[in-house]
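So this block is data_17.cif, mmCIF, C-alpha atoms:
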data_target
loop_
_atom_site.label_atom_id
_atom_site.label_comp_id
_atom_site.auth_asym_id
_atom_site.auth_seq_id
_atom_site.Cartn_x
_atom_site.Cartn_y
_atom_site.Cartn_z
CA MET A 24 19.79 -14.71 11.35
CA SER A 25 16.24 -15.87 11.31
CA GLU A 26 14.01 -15.66 8.28
CA ILE A 27 11.91 -12.51 7.97
CA SER A 28 8.28 -12.91 7.03
CA ILE A 29 6.02 -10.09 5.84
CA ARG A 30 2.26 -9.95 6.41
CA ALA A 31 -0.57 -7.58 7.27
CA LEU A 32 -1.24 -7.15 10.98
CA LEU A 33 -4.38 -8.69 12.46
CA GLU A 34 -6.42 -7.79 15.51
CA GLU A 35 -4.37 -10.13 17.72
CA ASP A 36 -1.16 -8.31 16.79
CA TYR A 37 -2.13 -5.27 18.86
CA GLU A 38 0.17 -5.99 21.82
CA ALA A 39 3.18 -6.49 19.55
CA PHE A 40 2.28 -3.32 17.64
CA ALA A 41 2.00 -1.27 20.85
CA LYS A 42 5.32 -2.58 22.10
CA LEU A 43 7.24 -1.85 18.88
CA ARG A 44 5.57 1.54 18.60
CA ALA A 45 6.71 2.49 22.12
CA ILE A 46 10.29 1.57 21.23
CA GLY A 47 10.09 3.60 18.02
CA LEU A 48 8.75 6.71 19.71
CA GLU A 49 11.62 6.51 22.14
CA THR A 50 14.54 5.74 19.79
CA ASP A 51 13.37 7.84 16.80
CA PRO A 52 11.04 10.57 18.06
CA ALA A 53 11.47 12.67 14.91
CA SER A 54 9.94 9.85 12.87
CA PHE A 55 6.58 10.17 14.59
CA TRP A 56 4.18 13.07 15.08
CA ASN A 57 2.93 11.81 18.43
CA THR A 58 4.63 11.50 21.77
CA VAL A 59 4.15 8.38 23.91
CA ALA A 60 1.99 10.26 26.41
CA GLU A 61 -0.22 11.75 23.69
CA GLU A 62 -1.02 8.53 21.98
CA ALA A 63 -1.37 6.23 24.96
CA PRO A 64 -5.11 6.86 25.46
CA GLU A 65 -5.90 6.52 21.76
CA LEU A 66 -3.47 3.84 20.65
CA ARG A 67 -6.05 1.05 20.51
CA ASP A 68 -8.29 3.24 18.34
CA LYS A 69 -5.37 4.17 16.13
CA PHE A 70 -4.55 0.50 15.64
CA GLN A 71 -8.16 -0.29 14.90
CA HIS A 72 -8.30 2.53 12.35
CA ARG A 73 -5.02 1.79 10.63
CA ALA A 74 -4.88 -1.98 10.75
CA LEU A 75 -8.48 -3.08 10.48
CA GLU A 76 -10.64 -0.50 8.73
CA GLN A 77 -11.55 -1.02 5.12
CA HIS A 78 -8.87 0.27 2.71
CA ASN A 79 -6.30 0.68 5.50
CA PHE A 80 -3.67 -1.79 6.65
CA ILE A 81 -0.41 -2.16 8.53
CA ILE A 82 2.26 -4.39 7.02
CA GLY A 83 4.50 -6.05 9.60
CA ALA A 84 7.90 -7.74 9.37
CA PHE A 85 8.34 -10.72 11.69
CA ALA A 86 11.57 -12.43 12.78
CA SER A 87 10.72 -15.78 14.39
CA GLU A 88 7.17 -14.59 15.10
CA LYS A 89 8.43 -11.38 16.69
CA LEU A 90 7.29 -8.09 15.17
CA VAL A 91 10.42 -6.11 14.24
CA GLY A 92 9.17 -3.66 11.61
CA MET A 93 5.95 -2.03 10.40
CA MET A 94 4.44 0.39 7.90
CA ALA A 95 0.84 1.63 7.76
CA PHE A 96 -1.26 2.70 4.80
CA VAL A 97 -4.22 5.00 5.47
CA ARG A 98 -6.55 5.97 2.66
CA TYR A 99 -8.35 9.32 2.68
CA PRO A 100 -12.08 8.76 3.16
CA LEU A 101 -13.39 11.99 1.58
CA VAL A 102 -14.70 11.70 -1.98
CA LYS A 103 -12.44 14.45 -3.31
CA LEU A 104 -9.35 12.92 -1.67
CA ARG A 105 -9.94 9.19 -1.77
CA HIS A 106 -7.71 8.77 -4.81
CA LYS A 107 -4.83 9.06 -2.35
CA GLY A 108 -3.48 7.42 0.75
CA ASP A 109 -0.69 8.12 3.24
CA ILE A 110 2.11 5.92 4.48
CA HIS A 111 2.44 6.41 8.25
CA GLY A 112 4.18 4.94 11.27
CA VAL A 113 7.20 3.45 9.52
CA TYR A 114 9.63 1.80 11.90
CA VAL A 115 12.21 -1.01 11.88
CA HIS A 116 13.75 -2.09 15.18
CA ALA A 117 17.36 -0.87 15.42
CA ASP A 118 18.69 -4.44 15.72
CA TYR A 119 17.14 -5.37 12.38
CA ARG A 120 18.21 -2.51 10.15
CA GLY A 121 20.41 -2.88 7.07
CA LYS A 122 18.75 -6.14 6.09
CA GLY A 123 16.33 -4.82 3.50
CA ILE A 124 13.32 -5.05 5.79
CA ALA A 125 12.09 -1.49 5.14
CA SER A 126 12.34 -2.17 1.43
CA ARG A 127 10.21 -5.31 1.73
CA LEU A 128 7.66 -3.46 3.86
CA LEU A 129 7.44 -0.70 1.27
CA ALA A 130 7.15 -3.09 -1.68
CA LYS A 131 4.27 -4.96 0.01
CA THR A 132 2.54 -1.75 1.12
CA LEU A 133 2.64 -0.31 -2.40
CA GLU A 134 1.48 -3.57 -3.94
CA ASN A 135 -1.55 -3.70 -1.63
CA ALA A 136 -2.31 0.01 -1.95
CA PHE A 137 -2.23 0.13 -5.73
CA ALA A 138 -4.29 -3.07 -5.87
CA GLN A 139 -7.20 -0.94 -4.57
CA ASP A 140 -9.59 0.57 -7.07
CA GLY A 141 -9.27 4.31 -7.47
CA ILE A 142 -5.93 4.80 -5.73
CA THR A 143 -3.80 6.97 -8.01
CA LYS A 144 -1.08 8.00 -5.58
CA VAL A 145 0.60 7.32 -2.27
CA MET A 146 2.00 10.11 -0.09
CA LEU A 147 4.27 10.38 2.93
CA THR A 148 6.49 12.76 4.85
CA VAL A 149 10.11 12.19 5.81
CA THR A 150 11.79 14.19 8.53
CA GLU A 151 14.98 15.97 7.56
CA GLY A 152 18.01 13.92 8.55
CA ASN A 153 16.40 10.59 7.80
CA GLU A 154 18.29 10.24 4.55
CA ALA A 155 18.22 6.42 4.48
CA ALA A 156 14.42 6.50 4.40
CA LYS A 157 14.33 9.27 1.83
CA SER A 158 16.62 7.43 -0.58
CA LEU A 159 14.62 4.24 -0.16
CA TYR A 160 11.44 6.08 -1.15
CA GLU A 161 13.24 7.67 -4.11
CA LYS A 162 14.44 4.24 -5.23
CA TYR A 163 10.78 3.22 -5.47
CA GLY A 164 9.93 6.30 -7.54
CA PHE A 165 8.70 8.75 -4.90
CA LYS A 166 9.24 12.40 -5.81
CA THR A 167 9.60 15.25 -3.32
CA PHE A 168 6.85 17.82 -3.94
CA GLY A 169 7.57 20.04 -0.97
CA LEU A 170 10.06 20.85 1.74
CA GLU A 171 8.37 22.32 4.76
CA GLU A 172 10.82 24.22 6.91
CA ALA A 173 10.17 23.88 10.63
CA GLY A 174 7.77 21.04 9.99
CA MET A 175 8.40 19.50 13.38
CA VAL A 176 9.96 20.44 16.71
CA VAL A 177 11.37 17.67 18.91
CA ASN A 178 12.88 18.61 22.27
CA GLY A 179 13.43 22.16 21.09
CA LYS A 180 15.17 21.14 17.88
CA VAL A 181 13.52 22.17 14.63
CA TYR A 182 13.32 19.77 11.67
CA GLY A 183 12.25 20.27 8.08
CA GLN A 184 9.85 17.79 6.53
CA TYR A 185 9.97 16.44 3.01
CA TRP A 186 6.58 15.78 1.47
CA MET A 187 6.79 13.01 -1.12
CA GLN A 188 4.42 11.18 -3.41
CA LEU A 189 4.43 8.23 -5.79
CA THR A 190 1.92 8.20 -8.62
CA ARG A 191 0.41 5.01 -9.94
CA ALA A 192 2.01 5.76 -13.33
CA ALA A 193 5.48 5.98 -11.76
CA TRP A 194 4.81 2.83 -9.74
CA GLU A 195 3.76 0.85 -12.78
CA ALA A 196 6.69 2.08 -14.87
CA MET B 18 -20.73 48.18 7.68
CA ILE B 19 -18.35 45.24 8.03
CA GLU B 20 -17.74 43.67 11.39
CA ILE B 21 -15.18 40.90 11.99
CA ARG B 22 -15.60 38.84 15.13
CA GLU B 23 -15.03 35.40 16.54
CA LEU B 24 -17.86 32.96 15.88
CA CYS B 25 -19.62 31.22 18.75
CA ASN B 26 -22.06 28.32 18.90
CA GLU B 27 -25.05 30.67 18.47
CA ASP B 28 -23.74 31.60 15.01
CA TYR B 29 -24.28 28.09 13.69
CA GLU B 30 -27.64 29.00 12.13
CA GLN B 31 -25.83 31.49 9.90
CA PHE B 32 -22.67 29.41 9.52
CA LEU B 33 -24.48 26.39 8.07
CA PRO B 34 -26.09 28.06 5.02
CA LEU B 35 -22.85 29.93 4.22
CA ARG B 36 -20.89 26.68 4.40
CA LYS B 37 -23.44 24.94 2.18
CA LEU B 38 -23.26 27.75 -0.35
CA GLY B 39 -19.47 27.48 -0.40
CA LEU B 40 -19.49 23.76 -1.09
CA GLN B 41 -21.84 24.44 -3.97
CA THR B 42 -20.25 27.51 -5.59
CA ASP B 43 -16.58 26.68 -4.88
CA PRO B 44 -16.25 22.91 -4.48
CA THR B 45 -12.47 22.96 -5.00
CA SER B 46 -12.07 25.22 -1.97
CA PHE B 47 -13.21 22.48 0.41
CA SER B 48 -12.04 18.93 1.02
CA ALA B 49 -15.51 17.80 1.98
CA SER B 50 -18.33 17.44 -0.53
CA GLN B 51 -21.95 18.54 -0.12
CA GLU B 52 -23.13 15.03 0.76
CA GLU B 53 -20.38 14.45 3.32
CA GLU B 54 -21.03 17.71 5.14
CA GLU B 55 -24.46 16.74 6.35
CA THR B 56 -23.29 14.75 9.34
CA GLY B 57 -21.32 16.04 12.28
CA LEU B 58 -20.88 19.61 11.10
CA ARG B 59 -22.44 21.18 14.18
CA GLU B 60 -20.28 18.99 16.43
CA LYS B 61 -17.15 20.02 14.52
CA PHE B 62 -18.13 23.68 14.69
CA GLU B 63 -18.75 23.51 18.43
CA ALA B 64 -15.58 21.51 19.10
CA LEU B 65 -13.55 24.17 17.33
CA ASN B 66 -15.22 26.90 19.38
CA ALA B 67 -14.54 24.95 22.56
CA ASP B 68 -10.83 24.49 21.79
CA ALA B 69 -8.85 27.12 23.70
CA LEU B 70 -6.37 27.80 20.88
CA SER B 71 -8.51 27.26 17.78
CA PHE B 72 -11.17 29.65 16.53
CA SER B 73 -13.37 30.76 13.64
CA LEU B 74 -13.73 34.34 12.54
CA GLY B 75 -16.77 35.63 10.72
CA ALA B 76 -17.32 38.72 8.59
CA PHE B 77 -20.73 40.30 9.11
CA VAL B 78 -22.42 42.87 6.89
CA ASP B 79 -25.47 44.33 8.64
CA ASP B 80 -25.43 41.38 11.06
CA GLN B 81 -25.49 38.93 8.17
CA LEU B 82 -22.60 36.43 8.05
CA VAL B 83 -20.97 36.75 4.62
CA GLY B 84 -17.47 35.35 5.17
CA LYS B 85 -15.62 32.96 7.44
CA VAL B 86 -12.27 31.40 8.15
CA ALA B 87 -11.00 28.90 10.72
CA PHE B 88 -7.71 28.59 12.55
CA ILE B 89 -6.86 25.23 14.06
CA ARG B 90 -3.86 25.02 16.35
CA ASN B 91 -2.10 21.66 16.17
CA SER B 92 -2.50 19.96 19.54
CA ARG B 93 0.42 17.55 19.22
CA LYS B 94 3.52 18.59 21.12
CA LYS B 95 5.91 18.15 18.17
CA LEU B 96 3.55 20.11 15.91
CA ALA B 97 2.12 22.62 18.38
CA HIS B 98 4.35 25.35 16.94
CA LYS B 99 2.00 25.44 13.97
CA GLY B 100 -1.62 25.93 13.16
CA GLU B 101 -3.70 25.52 10.05
CA LEU B 102 -5.87 28.05 8.31
CA GLY B 103 -8.86 26.50 6.57
CA GLY B 104 -12.45 26.84 5.47
CA MET B 105 -11.95 30.34 4.08
CA PHE B 106 -15.05 31.41 2.18
CA LEU B 107 -16.62 34.67 1.15
CA HIS B 108 -20.13 35.00 -0.23
CA PRO B 109 -19.85 35.76 -3.98
CA ASP B 110 -21.95 38.94 -3.59
CA HIS B 111 -19.42 40.39 -1.16
CA ARG B 112 -16.14 39.76 -2.94
CA GLY B 113 -13.78 42.48 -4.11
CA GLN B 114 -14.38 44.62 -1.00
CA GLY B 115 -11.31 43.57 0.98
CA ILE B 116 -13.25 41.33 3.36
CA SER B 117 -10.91 38.33 2.84
CA SER B 118 -8.04 40.59 3.64
CA LEU B 119 -9.66 41.59 6.92
CA LEU B 120 -10.43 37.98 7.82
CA LEU B 121 -6.89 36.89 7.02
CA SER B 122 -5.06 39.70 8.81
CA GLN B 123 -7.19 39.39 11.93
CA THR B 124 -6.73 35.62 11.97
CA LEU B 125 -2.96 36.02 11.77
CA ASP B 126 -2.93 38.75 14.43
CA LYS B 127 -4.93 36.58 16.78
CA ALA B 128 -2.98 33.40 16.00
CA PHE B 129 0.50 34.88 16.31
CA ALA B 130 -0.48 36.46 19.63
CA GLN B 131 -0.59 32.91 21.03
CA ALA B 132 2.45 31.72 22.95
CA GLY B 133 4.56 29.20 21.03
CA LEU B 134 2.95 29.63 17.63
CA ASN B 135 5.71 30.00 15.02
CA LYS B 136 3.88 29.46 11.75
CA VAL B 137 0.57 29.09 9.99
CA VAL B 138 0.05 26.57 7.20
CA LEU B 139 -2.64 26.29 4.52
CA THR B 140 -3.38 24.75 1.15
CA VAL B 141 -4.83 26.52 -1.88
CA THR B 142 -6.34 24.66 -4.78
CA GLU B 143 -5.13 25.40 -8.31
CA GLY B 144 -7.30 27.95 -10.05
CA ASN B 145 -8.00 29.92 -6.90
CA THR B 146 -5.57 32.64 -7.96
CA ALA B 147 -7.19 35.47 -6.01
CA ALA B 148 -6.76 33.60 -2.74
CA LYS B 149 -3.18 32.60 -3.54
CA ALA B 150 -2.28 36.18 -4.41
CA LEU B 151 -3.84 37.38 -1.17
CA TYR B 152 -1.83 34.91 0.89
CA GLU B 153 1.35 35.91 -0.92
CA LYS B 154 0.63 39.57 -0.31
CA TYR B 155 0.56 38.83 3.41
CA GLY B 156 3.87 36.95 3.31
CA PHE B 157 2.92 33.32 2.77
CA ILE B 158 5.37 31.34 0.65
CA THR B 159 4.64 28.17 -1.30
CA PHE B 160 6.69 25.27 0.05
CA GLY B 161 5.07 22.48 -1.90
CA THR B 162 3.12 21.82 -5.07
CA GLU B 163 1.11 18.63 -4.90
CA GLU B 164 -0.14 17.45 -8.26
CA ASN B 165 -3.49 15.67 -8.15
CA GLY B 166 -4.10 17.01 -4.68
CA MET B 167 -7.85 16.90 -5.14
CA VAL B 168 -10.32 15.39 -7.59
CA VAL B 169 -13.67 17.10 -8.13
CA ASP B 170 -16.14 15.61 -10.59
CA GLY B 171 -13.38 13.65 -12.28
CA LYS B 172 -11.06 16.62 -12.74
CA ALA B 173 -7.72 16.64 -10.90
CA TYR B 174 -6.46 19.84 -9.25
CA THR B 175 -3.04 20.74 -7.89
CA HIS B 176 -2.75 21.79 -4.26
CA HIS B 177 -0.35 24.57 -3.34
CA TRP B 178 1.00 24.17 0.20
CA MET B 179 1.85 27.49 1.82
CA HIS B 180 3.05 28.78 5.15
CA ILE B 181 4.02 31.98 6.87
CA ALA B 182 6.57 32.19 9.67
CA LYS B 183 5.85 34.43 12.62
CA GLU B 184 8.87 36.63 11.82
CA ASP B 185 7.44 37.30 8.36
CA TRP B 186 4.13 38.55 9.72
CA GLN B 187 3.67 42.27 10.16
CA SER B 188 0.27 43.12 11.50
#
What do you get writing this file as structure tokens?
Amino acid sequence: MSEISIRALLEEDYEAFAKLRAIGLETDPASFWNTVAEEAPELRDKFQHRALEQHNFIIGAFASEKLVGMMAFVRYPLVKLRHKGDIHGVYVHADYRGKGIASRLLAKTLENAFAQDGITKVMLTVTEGNEAAKSLYEKYGFKTFGLEEAGMVVNGKVYGQYWMQLTRAAWEA
Amino acid sequence: MIEIRELCNEDYEQFLPLRKLGLQTDPTSFSASQEEEETGLREKFEALNADALSFSLGAFVDDQLVGKVAFIRNSRKKLAHKGELGGMFLHPDHRGQGISSLLLSQTLDKAFAQAGLNKVVLTVTEGNTAAKALYEKYGFITFGTEENGMVVDGKAYTHHWMHIAKEDWQS
């Protein structure tokens, strides 16, 4: 098993990002709000926004230079909301699960996010049924503040969504 | 004489001052701040009017716009079963006359008449008890309580996340 390295994605990582994202939307559609068709025309802009804009970043996990996992952090731009940011687009390739990669992505994402001035909390949603992800977030101190019934519908099946957040105080504890 | 009707682009001249007043008198009711609102508001207003499934309703008293609310249908396939209610504001001089109630019930009537819409979601900021009570009266339930949902002038406010399912709506 090759060594896994963790780093923020750069502009030149776009192709690898798009490829992994397409796999994710296919294998785990309930983990993403978009469908492949919906995001195709705007994927480059989404990457630009998430990976390269100030305050935002995507952390990637690489196995022998190949992108196998990713997690984005997007800070709210509005003055009244910029104390918070969302974790989005979390995905680890099926062949690379169970190796602690998601945990390393999360640790790095939180470290970078809370290193920013003024960030007091990080939020995310987990789709019902994704218990591995939910327990990982709980291990890092995330608390569920809401359960939205019928949060998402994928191929006619209805899923609840857990809304979770981690405060800076809980992170530092 | 209160009239409730859908807003169109021509109403922008009345929409703008009402919106500005809202940001000033009730800053915790809006995510945007006064400074941030200056750019792109007309474009946003017109885009919402142009969207086939989203709309704004206005309450007029003697042809004067005194209240407004927006409904935004989620355009993503996995989320298209829901829409968001936002930007609810009533001029302080016209409160306590049931106008919010009219705006809310007509928004829900119009929204739930759309094919495929199963629920409407909104957030209410802590302290806005009249609005929360109104939503509850119409069948909204709180599914989440987000501490530090918003910070206004250094003070943190909780956000209540609410929704109403189509089957719980009686027009």
Next item on the list: For the point (-13.6, 10.5, -10.8) in the file's frame, write as a ChimeraX atom specification all residues with an atom no more than 10 Å away, counting only C-alpha atoms.
Entry: /A:102-103,105-106,141 /B:168-173
| request: Tell me the residues of chain B close to chain A, meaning within 6 Å using only C-alpha atoms, as number ranges by chain. | output: B: 95-96, 160-163, 167-169
>> Report, in Å with one decimal, the straight-line distance from CA of Phe72 (chain B) to CA of Ala128 (chain B).
In response: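 One can read the CA of Phe72 (chain B) to CA of Ala128 (chain B) distance as 9.0 Å.
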- Residue neighbourhood Ile46 (chain A), 10 Å, all atoms listed in the file, exclusion window fewer than 5 positions, as an NGL selection string: :A and (41 or 51-52 or 59 or 114-117)
Give me the box for region 133-148 of chain B as AutoDock Vina command-line options, namely the centre and edge lengths in Å to one decimal of a box along x, y and z that holds every listed atom plus 4 Å on each side.
--center_x -1.1 --center_y 30.1 --center_z 5.5 --size_x 21.7 --size_y 18.8 --size_z 39.1
Shortest contact to Gln114 (chain B), candidates B:Ile19, B:His98, B:Ala49, B:Gly166, atoms counted all atoms listed in the file, goes to B:Ile19
task = May I have the residues within 12 Å of Ile116 (chain B) as a list of chain:residue names, using only C-alpha atoms and disregarding those fewer than 4 positions away in the same chain?
result =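 Neighbouring residues, sequence-local ones excluded: B:Met18, B:Ile19, B:Glu20, B:Ile21, B:Leu74, B:Gly75, B:Ala76, B:Phe77, B:Val78, B:Leu82, B:Val83, B:Gly84, B:Lys85, B:Val86, B:Met105, B:Phe106, B:Leu107, B:His108, B:Pro109, B:Asp110, B:His111, B:Arg112, B:Leu120, B:Leu121, B:Ser122, B:Gln123, B:Ala148, B:Leu151.
Of the listed residues (B:Leu58, B:Leu65, B:Leu24, B:Ala182), B:Ala182 comes nearest to Asn135 (chain B); the distances count all atoms listed in the file.
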Apply the PyMOL selection byres ((chain B and resi 144) around 10) to the structure shown and report the selected residues as a PyMOL selection string. chain B and resi 45-46+141-143+145-149+174-176
Report as a ChimeraX atom specification all protein, DNA and RNA residues lying within 12 Å of Ser188 (chain B), evaluated on only C-alpha atoms, omitting residues in the same chain fewer than 4 positions from it. /B:118-119,121-130,155-156,183-184
Put those residues in a file: C-alpha atoms, as a short mmCIF file (atom, residue, chain, number, x, y, z; two decimals), keeping the file's coordinate frame.
data_model
loop_
_atom_site.label_atom_id
_atom_site.label_comp_id
_atom_site.auth_asym_id
_atom_site.auth_seq_id
_atom_site.Cartn_x
_atom_site.Cartn_y
_atom_site.Cartn_z
CA SER B 118 -8.04 40.59 3.64
CA LEU B 119 -9.66 41.59 6.92
CA LEU B 121 -6.89 36.89 7.02
CA SER B 122 -5.06 39.70 8.81
CA GLN B 123 -7.19 39.39 11.93
CA THR B 124 -6.73 35.62 11.97
CA LEU B 125 -2.96 36.02 11.77
CA ASP B 126 -2.93 38.75 14.43
CA LYS B 127 -4.93 36.58 16.78
CA ALA B 128 -2.98 33.40 16.00
CA PHE B 129 0.50 34.88 16.31
CA ALA B 130 -0.48 36.46 19.63
CA TYR B 155 0.56 38.83 3.41
CA GLY B 156 3.87 36.95 3.31
CA LYS B 183 5.85 34.43 12.62
CA GLU B 184 8.87 36.63 11.82
#
Exercise. CA of Ala87 (chain B) and CA of Thr56 (chain B) are how many Å apart?
Worked result: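 It comes out at 18.8 Å.
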Q) Can you list, as a VMD selection string, the residues that the PyMOL selection byres ((chain B and resi 102) around 8) selects here? A) chain B and resid 86 to 89 100 to 101 103 to 105 137 to 139
Requested in this report: For CA of Glu164 (chain B) and CA of Ala138 (chain A), quote the distance in Å rounded to one decimal.
Outcome: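 CA of Glu164 (chain B) sits 21.1 Å away from CA of Ala138 (chain A).
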